[in-house]
>>> print(open('entry-v9.csv').read())   # CSV, C-alpha atoms
chain,number,residue,atom,x,y,z
A,1,MET,CA,0.5,4.2,129.9
A,2,LEU,CA,-1.2,1.6,127.8
A,3,LEU,CA,-2.7,2.6,124.4
A,4,ASP,CA,-1.7,6.2,124.7
A,5,SER,CA,-0.5,6.5,121.1
A,6,PRO,CA,-1.7,5.5,117.6
A,7,LEU,CA,1.4,3.2,117.4
A,8,GLN,CA,0.2,1.2,120.4
A,9,GLU,CA,-3.3,1.0,119.0
A,10,LEU,CA,-1.9,-0.4,115.8
A,11,LYS,CA,0.0,-3.1,117.7
A,12,ARG,CA,-3.3,-3.9,119.5
A,13,ARG,CA,-5.0,-4.3,116.2
A,14,GLU,CA,-2.2,-6.5,114.8
A,15,ALA,CA,-2.4,-8.8,117.8
A,16,ALA,CA,-6.2,-9.1,117.3
A,17,LEU,CA,-5.8,-10.0,113.7
A,18,LYS,CA,-3.3,-12.7,114.6
A,19,ILE,CA,-5.9,-14.2,117.0
A,20,ILE,CA,-8.6,-14.0,114.3
A,21,LYS,CA,-6.3,-15.8,111.8
A,22,LEU,CA,-5.8,-18.7,114.2
A,23,LYS,CA,-9.5,-18.9,115.0
A,24,VAL,CA,-10.4,-18.8,111.3
A,25,LYS,CA,-8.0,-21.6,110.5
A,26,GLU,CA,-9.6,-23.7,113.2
A,27,ASP,CA,-13.2,-23.0,112.3
A,28,ARG,CA,-14.6,-19.8,110.8
A,29,SER,CA,-18.1,-20.7,111.9
A,30,LYS,CA,-17.1,-20.3,115.5
A,31,LEU,CA,-15.9,-16.7,115.0
A,32,TYR,CA,-18.6,-14.0,115.6
A,33,ASP,CA,-17.9,-10.7,114.0
A,34,LEU,CA,-20.4,-8.3,115.7
A,35,THR,CA,-18.8,-5.1,114.6
A,36,GLY,CA,-21.4,-4.3,111.9
A,37,LEU,CA,-18.4,-3.8,109.6
A,38,SER,CA,-17.7,-7.4,108.5
A,39,GLY,CA,-18.7,-6.6,104.9
A,40,GLY,CA,-17.9,-9.0,102.1
A,41,PHE,CA,-16.7,-9.1,98.5
A,42,PRO,CA,-19.6,-10.2,96.3
A,43,VAL,CA,-17.8,-10.4,92.9
A,44,LYS,CA,-19.2,-12.6,90.2
A,45,GLU,CA,-16.9,-15.3,88.7
A,46,GLU,CA,-17.3,-13.8,85.2
A,47,ASP,CA,-16.1,-10.4,86.5
A,48,ILE,CA,-12.8,-11.7,87.8
A,49,SER,CA,-11.1,-11.6,84.4
A,50,LEU,CA,-12.1,-7.9,84.1
A,51,LEU,CA,-10.4,-6.8,87.3
A,52,GLU,CA,-7.6,-5.0,85.4
A,53,THR,CA,-6.2,-1.6,85.7
A,54,TYR,CA,-8.1,0.0,82.8
A,55,ALA,CA,-10.7,-2.6,81.7
A,56,GLY,CA,-12.0,-2.7,85.3
A,57,PRO,CA,-12.9,1.0,85.7
A,58,ALA,CA,-14.3,1.1,82.2
A,59,ILE,CA,-16.8,-1.6,83.1
A,60,PHE,CA,-17.5,-1.3,86.8
A,61,GLU,CA,-17.5,2.5,87.2
A,62,GLU,CA,-20.3,2.6,84.7
A,63,LYS,CA,-22.3,-0.1,86.5
A,64,LEU,CA,-21.8,1.7,89.8
A,65,GLN,CA,-23.4,5.0,88.6
A,66,PRO,CA,-27.1,4.0,88.6
A,67,LEU,CA,-26.8,1.7,91.6
A,68,GLY,CA,-25.0,4.4,93.7
A,69,ILE,CA,-27.4,7.1,92.7
A,70,GLU,CA,-30.4,4.9,93.6
A,71,HIS,CA,-28.8,4.2,97.1
A,72,LEU,CA,-27.6,7.7,97.9
A,73,GLY,CA,-29.3,10.1,95.4
A,74,GLY,CA,-27.3,12.8,93.6
A,75,GLU,CA,-26.1,13.3,90.1
A,76,LYS,CA,-22.8,11.3,90.0
A,77,VAL,CA,-21.0,8.8,92.2
A,78,LEU,CA,-17.4,8.3,93.0
A,79,ALA,CA,-15.8,5.2,94.5
A,80,LEU,CA,-12.9,5.7,97.0
A,81,ASN,CA,-10.7,3.2,98.9
A,82,ARG,CA,-12.1,4.4,102.3
A,83,THR,CA,-14.7,6.8,103.6
A,84,SER,CA,-11.8,8.6,105.3
A,85,SER,CA,-10.1,8.9,101.8
A,86,GLY,CA,-13.3,10.5,100.5
A,87,ILE,CA,-13.3,13.0,103.4
A,88,LEU,CA,-9.6,13.8,102.8
A,89,ALA,CA,-10.2,14.2,99.0
A,90,THR,CA,-13.1,16.5,99.6
A,91,ILE,CA,-11.2,18.7,102.0
A,92,LEU,CA,-8.2,18.9,99.7
A,93,ALA,CA,-10.5,19.9,96.9
A,94,LEU,CA,-12.8,22.4,98.6
A,95,VAL,CA,-11.0,23.9,101.6
A,96,LYS,CA,-8.4,26.6,101.0
A,97,PRO,CA,-5.3,27.0,103.1
A,98,GLU,CA,-6.4,28.7,106.4
A,99,GLY,CA,-10.0,28.1,105.4
A,100,GLN,CA,-12.5,26.7,107.9
A,101,VAL,CA,-14.4,23.5,108.2
A,102,VAL,CA,-17.4,23.5,110.4
A,103,HIS,CA,-18.6,20.1,111.6
A,104,PHE,CA,-22.0,19.2,113.1
A,105,LEU,CA,-22.6,15.9,114.8
A,106,PRO,CA,-25.2,14.6,117.2
A,107,GLU,CA,-22.7,13.6,119.8
A,108,LEU,CA,-19.0,13.7,120.4
A,109,PRO,CA,-16.4,12.3,119.7
A,110,THR,CA,-15.9,13.0,116.1
A,111,HIS,CA,-14.3,10.6,113.7
A,112,PRO,CA,-10.6,11.6,113.7
A,113,SER,CA,-10.3,11.6,109.9
A,114,ILE,CA,-12.1,14.9,109.7
A,115,PRO,CA,-9.9,17.1,111.9
A,116,ARG,CA,-6.8,15.3,110.7
A,117,SER,CA,-7.7,16.1,107.1
A,118,VAL,CA,-8.3,19.7,108.0
A,119,GLU,CA,-4.9,19.9,109.6
A,120,LEU,CA,-3.2,18.7,106.4
A,121,VAL,CA,-4.6,21.7,104.5
A,122,ARG,CA,-3.6,24.0,107.4
A,123,GLY,CA,-7.3,24.9,107.9
A,124,SER,CA,-9.2,25.6,111.1
A,125,TYR,CA,-11.7,23.1,112.4
A,126,VAL,CA,-14.8,23.8,114.6
A,127,GLU,CA,-17.4,21.3,115.8
A,128,PHE,CA,-20.9,21.7,117.2
A,129,THR,CA,-23.4,19.4,118.7
A,130,ASP,CA,-26.1,22.1,119.4
A,131,THR,CA,-28.0,23.6,116.5
A,132,ASN,CA,-28.5,26.8,118.6
A,133,LYS,CA,-24.8,27.4,118.7
A,134,PHE,CA,-24.0,26.4,115.1
A,135,ARG,CA,-22.3,29.1,113.1
A,136,VAL,CA,-20.7,29.6,109.7
A,137,ASP,CA,-18.9,32.7,108.5
A,138,LYS,CA,-17.0,34.1,105.5
A,139,GLN,CA,-14.0,31.9,106.4
A,140,THR,CA,-16.1,28.7,106.2
A,141,ASP,CA,-15.3,26.6,103.0
A,142,LEU,CA,-17.2,23.5,104.0
A,143,VAL,CA,-19.8,22.2,106.4
A,144,ILE,CA,-19.7,18.5,107.3
A,145,ILE,CA,-22.7,16.8,109.0
A,146,THR,CA,-22.3,13.4,110.6
A,147,GLY,CA,-25.5,11.4,110.0
A,148,SER,CA,-24.7,8.7,112.5
A,149,THR,CA,-21.7,8.7,114.9
A,150,MET,CA,-19.2,6.0,115.5
A,151,ASP,CA,-21.5,4.8,118.4
A,152,HIS,CA,-24.6,5.0,116.2
A,153,GLN,CA,-26.1,8.2,117.6
A,154,VAL,CA,-28.3,9.4,114.8
A,155,ILE,CA,-28.9,13.0,113.9
A,156,SER,CA,-32.6,14.1,114.1
A,157,GLU,CA,-34.2,15.2,110.8
A,158,GLY,CA,-35.0,18.5,112.3
A,159,ASP,CA,-31.4,19.2,113.2
A,160,PHE,CA,-30.2,18.0,109.8
A,161,LEU,CA,-32.5,20.5,108.0
A,162,LYS,CA,-31.5,23.4,110.3
A,163,ILE,CA,-27.8,22.9,109.5
A,164,ILE,CA,-28.6,22.6,105.8
A,165,GLU,CA,-30.6,25.9,105.9
A,166,ALA,CA,-27.9,27.8,107.9
A,167,SER,CA,-25.2,26.6,105.6
A,168,LYS,CA,-27.1,27.4,102.4
A,169,SER,CA,-27.9,30.9,103.6
A,170,GLN,CA,-24.1,31.5,103.5
A,171,ASP,CA,-23.6,29.6,100.2
A,172,VAL,CA,-21.4,27.0,102.0
A,173,PRO,CA,-21.4,23.5,100.5
A,174,VAL,CA,-22.5,20.7,102.7
A,175,MET,CA,-21.0,17.2,102.8
A,176,VAL,CA,-22.7,14.4,104.9
A,177,ASP,CA,-20.5,11.7,106.5
A,178,ASP,CA,-23.2,9.0,106.3
A,179,ALA,CA,-20.9,6.1,106.8
A,180,SER,CA,-23.6,3.9,108.4
A,181,GLY,CA,-26.2,6.6,108.5
A,182,ALA,CA,-27.1,6.2,104.9
A,183,ARG,CA,-28.9,3.0,106.0
A,184,LEU,CA,-29.6,3.6,109.7
A,185,ARG,CA,-31.3,6.9,109.1
A,186,THR,CA,-33.3,5.9,106.1
A,187,ILE,CA,-34.3,2.3,107.1
A,188,LEU,CA,-34.8,2.5,110.9
A,189,TYR,CA,-35.6,6.2,111.3
A,190,ASN,CA,-37.5,6.8,108.0
A,191,GLN,CA,-35.4,9.9,107.2
A,192,PRO,CA,-34.9,11.0,103.6
A,193,ARG,CA,-31.5,10.5,101.9
A,194,ALA,CA,-29.0,13.2,102.7
A,195,ILE,CA,-29.1,14.6,99.1
A,196,ASP,CA,-32.9,14.7,99.2
A,197,MET,CA,-32.6,17.0,102.3
A,198,GLY,CA,-30.4,19.4,100.5
A,199,ALA,CA,-26.8,18.2,101.0
A,200,ASP,CA,-24.4,18.8,98.1
A,201,LEU,CA,-22.3,15.6,98.8
A,202,VAL,CA,-22.8,12.4,100.8
A,203,ILE,CA,-20.4,9.6,101.5
A,204,THR,CA,-21.1,6.1,102.9
A,205,SER,CA,-19.0,3.0,103.9
A,206,THR,CA,-19.9,0.0,101.7
A,207,ASP,CA,-19.1,-2.4,104.5
A,208,LYS,CA,-21.2,-0.8,107.2
A,209,LEU,CA,-24.6,-2.6,107.6
A,210,MET,CA,-24.2,-4.0,104.0
A,211,ASP,CA,-22.2,-6.8,102.6
A,212,GLY,CA,-19.7,-4.9,100.6
A,213,PRO,CA,-15.9,-4.3,100.8
A,214,ARG,CA,-14.4,-1.7,103.0
A,215,GLY,CA,-14.6,1.3,100.8
A,216,GLY,CA,-16.2,4.8,100.4
A,217,LEU,CA,-19.0,5.6,98.0
A,218,MET,CA,-19.7,9.3,97.4
A,219,SER,CA,-22.5,11.0,95.6
A,220,GLY,CA,-23.4,14.5,94.8
A,221,LYS,CA,-23.4,17.4,92.4
A,222,THR,CA,-21.4,16.6,89.2
A,223,GLU,CA,-19.1,19.6,89.4
A,224,LEU,CA,-18.2,18.9,93.0
A,225,ILE,CA,-17.7,15.2,92.4
A,226,ASP,CA,-15.4,16.0,89.5
A,227,LEU,CA,-13.2,18.3,91.6
A,228,ILE,CA,-13.0,15.7,94.3
A,229,LYS,CA,-12.2,12.9,91.8
A,230,THR,CA,-9.3,14.9,90.5
A,231,LYS,CA,-7.8,15.2,94.0
A,232,ALA,CA,-8.5,11.5,94.7
A,233,HIS,CA,-6.5,10.5,91.6
A,234,GLN,CA,-3.7,12.9,92.4
A,235,PHE,CA,-3.2,11.3,95.8
A,236,GLY,CA,-4.1,7.7,95.1
A,237,LEU,CA,-7.3,7.8,97.1
A,238,GLU,CA,-9.6,6.4,94.4
A,239,ALA,CA,-10.9,2.8,94.6
A,240,GLN,CA,-9.3,0.2,92.4
A,241,PRO,CA,-11.3,-2.1,90.1
A,242,PRO,CA,-11.7,-5.0,92.5
A,243,LEU,CA,-13.1,-2.7,95.1
A,244,ILE,CA,-15.5,-1.1,92.7
A,245,ALA,CA,-16.7,-4.5,91.4
A,246,GLY,CA,-17.4,-5.5,95.1
A,247,MET,CA,-19.4,-2.3,95.6
A,248,VAL,CA,-21.5,-3.1,92.5
A,249,GLY,CA,-22.2,-6.6,93.9
A,250,ALA,CA,-23.1,-5.2,97.3
A,251,LEU,CA,-25.5,-2.6,96.0
A,252,GLU,CA,-27.1,-5.2,93.7
A,253,ASN,CA,-27.6,-7.6,96.6
A,254,PHE,CA,-28.6,-5.0,99.3
A,255,LYS,CA,-31.8,-5.6,101.1
A,256,PRO,CA,-32.9,-3.9,104.3
A,257,ASP,CA,-34.4,-7.1,105.8
A,258,ARG,CA,-31.5,-7.9,108.1
A,259,ILE,CA,-31.3,-4.4,109.5
A,260,LEU,CA,-35.1,-4.4,110.2
A,261,ALA,CA,-34.9,-7.9,111.8
A,262,SER,CA,-32.1,-6.9,114.2
A,263,ARG,CA,-34.5,-4.9,116.3
A,264,SER,CA,-36.2,-7.8,118.0
A,265,LYS,CA,-32.9,-9.6,118.8
A,266,LYS,CA,-31.3,-6.5,120.1
A,267,GLN,CA,-34.1,-6.2,122.6
A,268,GLU,CA,-33.5,-9.7,123.9
A,269,VAL,CA,-29.7,-9.0,124.3
A,270,TYR,CA,-30.5,-5.7,126.0
A,271,GLN,CA,-32.8,-7.3,128.5
A,272,ALA,CA,-30.3,-10.0,129.2
A,273,LEU,CA,-27.4,-7.6,129.9
A,274,GLN,CA,-28.7,-4.2,130.9
A,275,GLU,CA,-29.2,-4.9,134.6
A,276,ASP,CA,-25.7,-6.2,135.3
A,277,PHE,CA,-23.7,-4.1,132.8
A,278,SER,CA,-25.5,-0.8,132.2
A,279,VAL,CA,-25.6,-1.4,128.5
A,280,GLU,CA,-27.3,1.1,126.2
A,281,GLU,CA,-29.4,0.5,123.1
A,282,THR,CA,-28.2,1.4,119.6
A,283,PRO,CA,-30.4,1.3,116.5
A,284,THR,CA,-29.3,-2.2,115.7
A,285,GLY,CA,-27.8,-3.6,118.9
A,286,ILE,CA,-26.3,-2.6,122.3
A,287,MET,CA,-23.2,-0.8,123.5
A,288,LEU,CA,-21.2,-0.8,126.7
A,289,LEU,CA,-19.5,2.5,127.2
A,290,PRO,CA,-16.0,2.6,128.7
A,291,GLU,CA,-17.1,4.7,131.7
A,292,ASN,CA,-19.7,2.1,132.6
A,293,ILE,CA,-17.1,-0.6,132.6
A,294,VAL,CA,-14.9,1.4,134.9
A,295,LYS,CA,-17.9,2.2,137.1
A,296,LYS,CA,-18.7,-1.5,137.5
A,297,LEU,CA,-15.1,-2.2,138.5
A,298,LYS,CA,-15.3,0.5,141.1
A,299,GLU,CA,-18.5,-1.0,142.5
A,300,LYS,CA,-16.6,-4.2,143.0
A,301,GLY,CA,-13.9,-2.2,144.8
A,302,ILE,CA,-11.3,-2.7,142.1
A,303,GLU,CA,-8.8,0.1,141.5
A,304,HIS,CA,-6.5,0.0,138.4
A,305,PRO,CA,-3.8,2.1,136.7
A,306,LEU,CA,-5.4,2.2,133.2
A,307,SER,CA,-7.4,4.8,131.3
A,308,GLN,CA,-11.1,3.9,130.8
A,309,ASP,CA,-10.5,3.5,127.0
A,310,ALA,CA,-7.7,1.0,127.7
A,311,VAL,CA,-9.9,-0.9,130.1
A,312,ALA,CA,-12.6,-1.2,127.4
A,313,MET,CA,-10.0,-2.5,124.9
A,314,VAL,CA,-8.7,-5.1,127.4
A,315,LEU,CA,-12.3,-6.3,127.8
A,316,ALA,CA,-12.8,-6.4,124.0
A,317,MET,CA,-9.6,-8.5,123.6
A,318,ILE,CA,-10.8,-10.9,126.3
A,319,LEU,CA,-14.2,-11.3,124.4
A,320,LEU,CA,-12.2,-12.1,121.3
A,321,ARG,CA,-9.6,-14.4,122.9
A,322,GLU,CA,-12.0,-16.4,125.2
A,323,TYR,CA,-15.4,-16.2,123.4
A,324,ASN,CA,-14.5,-15.5,119.7
A,325,ILE,CA,-16.6,-12.3,119.6
A,326,VAL,CA,-15.1,-9.5,117.5
A,327,THR,CA,-15.8,-5.9,118.5
A,328,ILE,CA,-14.4,-2.6,117.3
A,329,PRO,CA,-12.2,-1.8,120.3
A,330,ALA,CA,-10.2,-5.0,119.5
A,331,VAL,CA,-9.8,-4.7,115.8
A,332,GLY,CA,-10.5,-1.0,115.1
A,333,MET,CA,-8.0,1.4,113.5
A,334,PRO,CA,-6.1,3.9,115.7
A,335,GLY,CA,-8.6,6.5,116.8
A,336,ALA,CA,-11.6,4.1,116.6
A,337,SER,CA,-14.3,4.3,119.3
A,338,PRO,CA,-13.5,2.3,122.5
A,339,THR,CA,-17.2,1.6,123.0
A,340,ILE,CA,-17.9,-2.1,123.0
A,341,ARG,CA,-20.8,-2.4,120.5
A,342,LEU,CA,-22.6,-5.6,119.5
A,343,ASP,CA,-24.4,-5.1,116.2
A,344,MET,CA,-27.3,-7.6,115.8
A,345,ALA,CA,-27.6,-6.7,112.1
A,346,SER,CA,-24.2,-8.5,111.6
A,347,LYS,CA,-24.3,-11.7,109.6
A,348,ASP,CA,-22.7,-13.7,112.4
A,349,ALA,CA,-25.3,-12.5,114.9
A,350,GLU,CA,-27.8,-14.9,113.3
A,351,ARG,CA,-25.7,-17.8,114.6
A,352,LEU,CA,-25.5,-16.6,118.2
A,353,GLU,CA,-27.8,-17.4,121.0
A,354,VAL,CA,-28.6,-14.6,123.5
A,355,GLU,CA,-27.5,-17.0,126.3
A,356,TYR,CA,-24.0,-17.3,124.7
A,357,ILE,CA,-23.7,-13.5,124.6
A,358,SER,CA,-24.7,-13.2,128.2
A,359,GLN,CA,-22.2,-15.9,129.2
A,360,ALA,CA,-19.5,-14.2,127.2
A,361,PHE,CA,-20.0,-10.8,128.9
A,362,ARG,CA,-20.1,-12.3,132.4
A,363,GLY,CA,-17.1,-14.5,131.8
A,364,SER,CA,-15.1,-11.7,130.2
A,365,PHE,CA,-15.8,-9.3,132.9
A,366,SER,CA,-14.8,-11.8,135.5
A,367,LYS,CA,-11.4,-12.2,133.8
A,368,LEU,CA,-11.1,-8.4,133.4
A,369,SER,CA,-11.6,-8.1,137.2
A,370,ASP,CA,-8.8,-10.5,137.8
A,371,VAL,CA,-6.2,-9.0,135.5
A,372,ILE,CA,-6.9,-5.3,135.4
A,373,VAL,CA,-4.8,-4.5,138.5
A,374,ASP,CA,-1.8,-6.1,136.7
A,375,GLN,CA,-0.4,-4.0,133.9
A,376,ASP,CA,1.8,-6.7,132.6
A,377,ALA,CA,-1.1,-9.1,132.3
A,378,CYS,CA,-3.1,-6.5,130.5
A,379,GLU,CA,-0.2,-5.9,128.0
A,380,ASN,CA,-0.1,-9.7,127.3
A,381,ILE,CA,-3.8,-9.6,126.5
A,382,LEU,CA,-3.6,-6.5,124.3
A,383,PHE,CA,-0.4,-7.2,122.5
A,384,ASP,CA,0.0,-11.0,122.6
>>> encode(input="entry-v9.csv", output="structure tokens")
Amino acid sequence: MLLDSPLQELKRREAALKIIKLKVKEDRSKLYDLTGLSGGFPVKEEDISLLETYAGPAIFEEKLQPLGIEHLGGEKVLALNRTSSGILATILALVKPEGQVVHFLPELPTHPSIPRSVELVRGSYVEFTDTNKFRVDKQTDLVIITGSTMDHQVISEGDFLKIIEASKSQDVPVMVDDASGARLRTILYNQPRAIDMGADLVITSTDKLMDGPRGGLMSGKTELIDLIKTKAHQFGLEAQPPLIAGMVGALENFKPDRILASRSKKQEVYQALQEDFSVEETPTGIMLLPENIVKKLKEKGIEHPLSQDAVAMVLAMILLREYNIVTIPAVGMPGASPTIRLDMASKDAERLEVEYISQAFRGSFSKLSDVIVDQDACENILFD
């Protein structure tokens, strides 16, 4: 079966990157990255000579401290090479062998980095989406809250505070995976920062809804950050000087204007697509769930041999190949969400007309309808 293993997903990603390489060589301005993860690397020219193994951290880690604390709150910040790296380092530092991690998120599925990290320490993992069922006990070493899911489902402030209260009553530390939530929750939902609501730790992705490099920025209580930093250095999970310099630039440049402005354009896109494709709104754009793609195929009387996730990835690859639109199911890491999401807060969205997006969806779905019954044709689209 197509895309039934992380290895196949890796091959799909590699094929997508080859396509992007060719399109960038032809004309970068005609590539439209709508993942919301396009990021950037805002390093000043005068900083380049300082991107050395020891001089770099001496300069940029110090610059990062006040900027990171302003963005996230907390007492001390730590730069890591991925948000997933920060999650792993935290679990390595705080969870004992056979200890328990309890995870609350507004909607499944969870990001795979959390249960995979728990598995590495031979711990147990429990997840909840209902505050009335949420429980911690004497085996619980860490509670993790997801502020915004991979599909941008945002936790309510009330649920957030309930989980904090329940965890604190048992003296269990709380980390918030606020990869995009650190901006979605605070800017669009007017929620406080995670630390300000009582979390001990918070981590965000510096390329999600901000123009920074792909990296993880963690903040929290000094004693916890120091424990996690020790583990990060032991396992090579810490950010290197160029990444930290890019984070500094991204935080210096960050303004919420583009996120706020995305709301009106997302409404236009939603109106243009929702009748034909059953798209749903996200805080900054729209999303097309795999089950709704399959449902539309069935409505046309089309039967196929693929899983619904694989169908979504084929459609995402057609959008990339035929219309130069980059979405997460085409380029995402193994385990990434198969939901096709268009983020109107992306830089490239400013250059796209709603009519082009509408045309791209209709044309891509037409091609999907033609090829989905042919597994060989789908393999060619996915793996080049």
>>> residues_around(input="entry-v9.csv", residues="Gly285 (chain A)", least_positions_apart="5", cutoff="9 Å", atoms="all atoms listed in the file", output="PDB file with C-alpha atoms, in the frame of the given file")
ATOM      1  CA  SER A 262     -32.100  -6.900 114.200  1.00  0.00           C
ATOM      2  CA  ARG A 263     -34.500  -4.900 116.300  1.00  0.00           C
ATOM      3  CA  LYS A 265     -32.900  -9.600 118.800  1.00  0.00           C
ATOM      4  CA  LYS A 266     -31.300  -6.500 120.100  1.00  0.00           C
ATOM      5  CA  GLN A 267     -34.100  -6.200 122.600  1.00  0.00           C
ATOM      6  CA  VAL A 269     -29.700  -9.000 124.300  1.00  0.00           C
ATOM      7  CA  TYR A 270     -30.500  -5.700 126.000  1.00  0.00           C
ATOM      8  CA  GLU A 280     -27.300   1.100 126.200  1.00  0.00           C
ATOM      9  CA  ARG A 341     -20.800  -2.400 120.500  1.00  0.00           C
ATOM     10  CA  LEU A 342     -22.600  -5.600 119.500  1.00  0.00           C
ATOM     11  CA  ASP A 343     -24.400  -5.100 116.200  1.00  0.00           C
ATOM     12  CA  MET A 344     -27.300  -7.600 115.800  1.00  0.00           C
ATOM     13  CA  ALA A 345     -27.600  -6.700 112.100  1.00  0.00           C
TER      14      ALA A 345
END
>>> closest_residue(input="entry-v9.csv", among="A:Val331, A:Ala58, A:Met247, A:Ile372", to="Lys298 (chain A)", atoms="all atoms listed in the file")
A:Ile372
>>> residues_around(input="entry-v9.csv", residues="Ser358 (chain A)", least_positions_apart="6", cutoff="12 Å", atoms="only C-alpha atoms", output="list in words")
Glu268, Val269, Tyr270, Gln271, Ala272, Leu273, Gln274, Glu275, Asp276, Phe277, Val279, Leu319, Tyr323, Ile325, Leu342, Leu352, Ser364 and Phe365 of chain A
>>> atom_distance(input="entry-v9.csv", atom1="CA of Ile48 (chain A)", atom2="CA of Glu61 (chain A)")
15.0 Å
>>> closest_residue(input="entry-v9.csv", among="A:Val43, A:Leu31, A:Ile114, A:Ile357", to="Glu252 (chain A)", atoms="all atoms listed in the file")
A:Val43
>>> residues_around(input="entry-v9.csv", residues="Leu142 (chain A)", least_positions_apart="4", cutoff="7 Å", atoms="all atoms listed in the file", output="ChimeraX atom specification")
/A:95,100-102,172-174
>>> write_last_selection(input="entry-v9.csv", atoms="C-alpha atoms", output="PDB file, keeping the file's coordinate frame")
ATOM      1  CA  VAL A  95     -11.000  23.900 101.600  1.00  0.00           C
ATOM      2  CA  GLN A 100     -12.500  26.700 107.900  1.00  0.00           C
ATOM      3  CA  VAL A 101     -14.400  23.500 108.200  1.00  0.00           C
ATOM      4  CA  VAL A 102     -17.400  23.500 110.400  1.00  0.00           C
ATOM      5  CA  VAL A 172     -21.400  27.000 102.000  1.00  0.00           C
ATOM      6  CA  PRO A 173     -21.400  23.500 100.500  1.00  0.00           C
ATOM      7  CA  VAL A 174     -22.500  20.700 102.700  1.00  0.00           C
TER       8      VAL A 174
END
